[in-house]
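Have a look at the structure below before the remarks.
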Amino acid sequence: MNYTAPIKEMVFVLDKLADIESTSKLSGFEDANLETAQAVLEEASKFASGVIAPLNIEGDRRPSEWRDGAVTTSAGFKDAFRQFAEGGWQGVMHPADFGGHGLSKLIGTPCIEMLHAANLSFALCPMLTDGAIESLLTAGSDDLKARYLPKLIAAEWTGTMNLTEPQAGSDLAMVRSRAVPDGEGRYRVSGTKIFITYGEHDMAENIVHLVLARTPDAPEGVKGISLFVVPKFLVNDDGSLGERNDVQCVSIEHKLGIKASPTAVLQFGDHGGAIGYLVGDENRGLEYMFIMMNSARFAVGMQGIAVSEAAYQKAVAYAKERVQSRPVDGSSAGPVAIIHHPDVRRMLMTMRALTEGARALAYVAAMHADLAHNASDEAIRKRSAAIYEYFVPVVKGWSTEMSIDVASLGVQVHGGMGFIEETGAAQFYRDARILTIYEGTTAIQANDLVGRKTLRDGGAVAKDLIEAMTQTLAELGLAAAAAPQSAKRPIEAMQQRLKDARDAFARAVAFIVATGRSDPNAVFAGSVPYLKLAGTVLCGWQMARALIAAAANHNDDESFYDAKIATAHFYADFVLPQATALEAAIISARNGEGLLALTADQF
């Protein structure tokens, strides 16, 4: 795959929308400015396009292999991971105290996007390691931090997240893995975990499993789950590796996509119990694991954006070279490249606009995460934390749902050749299909958005965002007067469409807040449409902000900013009108009419 990171676009979002200069003034991020970001992104791009992307297609054709409990990853992955570690890429966002670079999440986010766009299967390993690092930083003891974090941040070891069991999918109250104290301050862990990404591989010398399990006296349900570090190899006091722990990979899955990523079935404790170490307090494991989950959910949203960017690039390249049919306007007597046909343009613009909108929202979310952790003003920290928490299910749910549509359009642009594996378009479609499922399905993200992020605070954060959109609408009005001629009609269109979309979003929020307690079925029946509405409108808001910035800076780079203006205009005319239909679907779910009308036997 010929992937080229869209660095100019990424830098534009960091600078004009996510305000990187402000985050670089936060304590600890003094060096995380636009100049640093530019340098980091350029190096990340070289690594992603030069080392990781060339392995993508072959990894899909020749996936990881399991034999006698050991996994051999796809050709080239082990050496590429060594280069990843040597380049210090795992430590971009992690503390310098443990060997990381200590840069902001805002700078780390485009690096994550590049890695996943280049090779989703490869990037899953460091993604899970990031989550393990975050969990240990938050809840690990000093001993656990000292013993495991430097090696994880250096990518000498990798991390996993072990939640799911054969009888317990998303319902973690059903977790049955056991952890019994051994009298020496450790636990003996036993049980089966499934769908464990990179649960076994040959790319690093140790794998640090974070495992949910129950202690003997734990209460039933989610309140009785604890979190344990269970390493593949035990770690001696001097940091060297000791004996093999009692955890084995009994198989790996054969999958629709992300084939090179080994998805393992792990068996703990068949020979006396795997030695595990408690993270934090007993019975608070789900709380700690959600730190890892939130990190992973944001990263999966970035996977959706990354796959969309890769699919878009491939579709554009094909559309420019594939000659087929004369143009409908008669501008050529002979056949032309299909990029000149209106419906192909519609598909490519849809791919581009959705990807750019989702990217902008995700980077702005990363900015709020940095403010939430590092701002000196408590009010700013609190507000940014609330906004980030609201954005996470949208970034995860909306961006991944969007990626399936974008990858599907990529196949469509290729026509019949898109259905042929050799062209590579189908791999993006297959890889994207898991993104709406793992780390919490779209429905789980939507239920979280409704329950924890809207009903719990009476819609306060949503209303805060509506006010921010109102401010942007005012800024659009001011921008119109000074805008170049090419931006006047797009600004006018964006003003009207964003206003209509904002109003639809506001009415949906009001309905959810008013109805959520009295008729939860009505509200939760419309939870996924609500998530899609939020994604459509919030991304449209960012596209409006991008339009304002492009109009103001037009003379600096006319070609680039004209493209930004045109893409925002397309989003306004072709994407934002969907908001009113989504609002209607949400409110039509009242009393479950239609949706819940059939009995189970009638299906």
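Note on naming: chains are A, B, ... as they come in the structure tokens, residues start from 1 per chain, ligands start from 1 in the order shown.
The residue set within 9 Å of A:Arg284, counting only C-alpha atoms and dropping same-chain residues fewer than 4 places from it, reads A:Val222, A:Lys223, A:Gly224, A:Ile225, A:Ser226, A:Leu227, A:Val279, A:Gly280, A:Tyr288, A:Met289.
Residues of stretch 220-255 of chain A that DSSP places in helix (DSSP H, G or I), based on the backbone of this structure, are Gly221, Val222, Lys223 and Gly224 of chain A.
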Handout entry: Residues within 12 Å of A:Phe81, only C-alpha atoms, excluding chain neighbours under 3 positions, as a ChimeraX atom specification
Key = /A:47-48,51-52,55,73-78,84-90,115,122-126,154-158,201-205
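The residue set within 9 Å of A:Ala407, counting only C-alpha atoms and dropping same-chain residues fewer than 4 places from it, reads Val307, Ser308, Ala310, Ala311, Tyr312, Met351, Met402, Ser403, Val411, Gln412, Ala425, Ala426, Gln427, Phe428, Tyr429, Arg430 and Ala432 of chain A.
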Take the selection from the previous step and output its residues with C-alpha atoms, as a short mmCIF file (atom, residue, chain, number, x, y, z; two decimals), in the first residue's frame.
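Final output, selection_24.cif:
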data_model
loop_
_atom_site.label_atom_id
_atom_site.label_comp_id
_atom_site.auth_asym_id
_atom_site.auth_seq_id
_atom_site.Cartn_x
_atom_site.Cartn_y
_atom_site.Cartn_z
CA VAL A 307 -8.47 3.37 7.56
CA SER A 308 -10.68 6.02 5.97
CA ALA A 310 -5.91 5.07 3.52
CA ALA A 311 -9.02 3.99 1.59
CA TYR A 312 -9.49 7.54 0.30
CA MET A 351 -14.79 10.04 1.71
CA MET A 402 -17.99 6.25 9.17
CA SER A 403 -14.94 4.16 8.25
CA VAL A 411 -14.49 -0.40 -3.16
CA GLN A 412 -17.27 1.23 -5.20
CA ALA A 425 -9.38 -1.87 -1.71
CA ALA A 426 -11.25 -4.78 -0.15
CA GLN A 427 -8.75 -5.11 2.70
CA PHE A 428 -9.70 -1.69 4.06
CA TYR A 429 -13.36 -2.72 4.01
CA ARG A 430 -12.62 -5.99 5.80
CA ALA A 432 -12.75 -1.59 9.07
#
Handout entry: Residue nearest A:Lys255 among A:Ile434, A:Leu576, A:Ala589, A:Ala333 (counting only C-alpha atoms)
Key = A:Ile434
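We find atom CA of A:Asp464 and atom CA of A:Leu435 to be spaced 29.0 Å apart.
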Practice task
Name the residues of stretch 58-123 of chain A that fall into strand (DSSP E) according to DSSP on the backbone, using the chain letters and numbers of this document, as a ChimeraX atom specification.
Solution key: /A:65-67,70-72
Practice task
Would you list the contacts of A:Ala546 as a ChimeraX atom specification, taking every protein, DNA or RNA residue within 7 Å and counting only C-alpha atoms, but skipping same-chain residues closer than 4 positions in sequence?
Solution key: /A:17,542,550
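The nearest approach to A:Val528 among the residues A:Glu401, A:Asn553, A:Glu492, A:Ala482, with only C-alpha atoms taken into account, belongs to A:Glu401.
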Fill in the blank from the handout: What separates atom CA of A:Ser261 and atom CA of A:Tyr438 is a distance of 13.6 Å
Completion exercise
Of A:Gly397, A:Gly526, A:Ile437, A:Asp377, the one nearest to A:Gly594 when counting only C-alpha atoms is A:Gly526
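Among the candidates A:Gly221, A:Pro342, A:Asn245, A:Asp237, the one nearest to A:Ile207 when counting only C-alpha atoms is A:Asn245.
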Practice task
Please provide as JSON, numbers by chain all residues within 9 Å of A:Ala585, with the sequence filter that same-chain residues fewer than 3 positions apart are discarded (counting only C-alpha atoms).
Solution key: {"A": [526, 529, 530, 580, 581, 582, 588, 589]}
Neighbours of A:Ile548 within 8 Å (only C-alpha atoms; same-chain residues fewer than 2 positions away dropped), as a JSON list (two decimals) with N, CA and C atoms, in the first residue's frame?
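Once everything was written out, this is around38.json:
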[["chain", "number", "residue", "atom", "x", "y", "z"],
["A", 475, "GLU", "N", -19.26, 33.69, 14.27],
["A", 475, "GLU", "CA", -17.96, 33.91, 13.63],
["A", 475, "GLU", "C", -18.04, 33.71, 12.12],
["A", 476, "LEU", "N", -18.88, 32.78, 11.69],
["A", 476, "LEU", "CA", -19.10, 32.62, 10.25],
["A", 476, "LEU", "C", -19.65, 33.90, 9.65],
["A", 479, "ALA", "N", -16.89, 36.30, 9.33],
["A", 479, "ALA", "CA", -15.88, 35.88, 8.34],
["A", 479, "ALA", "C", -16.32, 36.17, 6.92],
["A", 491, "ILE", "N", -19.52, 29.75, 2.91],
["A", 491, "ILE", "CA", -19.84, 30.26, 4.25],
["A", 491, "ILE", "C", -21.34, 30.41, 4.42],
["A", 544, "ALA", "N", -16.90, 23.78, 10.00],
["A", 544, "ALA", "CA", -17.19, 25.22, 9.95],
["A", 544, "ALA", "C", -16.00, 26.03, 10.46],
["A", 545, "ARG", "N", -15.40, 25.56, 11.55],
["A", 545, "ARG", "CA", -14.22, 26.25, 12.07],
["A", 545, "ARG", "C", -13.07, 26.19, 11.06],
["A", 546, "ALA", "N", -12.94, 25.06, 10.39],
["A", 546, "ALA", "CA", -11.90, 24.93, 9.37],
["A", 546, "ALA", "C", -12.17, 25.88, 8.21],
["A", 550, "ALA", "N", -9.67, 28.67, 6.89],
["A", 550, "ALA", "CA", -9.21, 28.63, 5.49],
["A", 550, "ALA", "C", -9.48, 29.95, 4.78],
["A", 551, "ALA", "N", -10.64, 30.54, 5.06],
["A", 551, "ALA", "CA", -10.95, 31.83, 4.44],
["A", 551, "ALA", "C", -10.01, 32.92, 4.93],
["A", 552, "ALA", "N", -9.67, 32.89, 6.22],
["A", 552, "ALA", "CA", -8.81, 33.93, 6.79],
["A", 552, "ALA", "C", -7.38, 33.81, 6.32]]
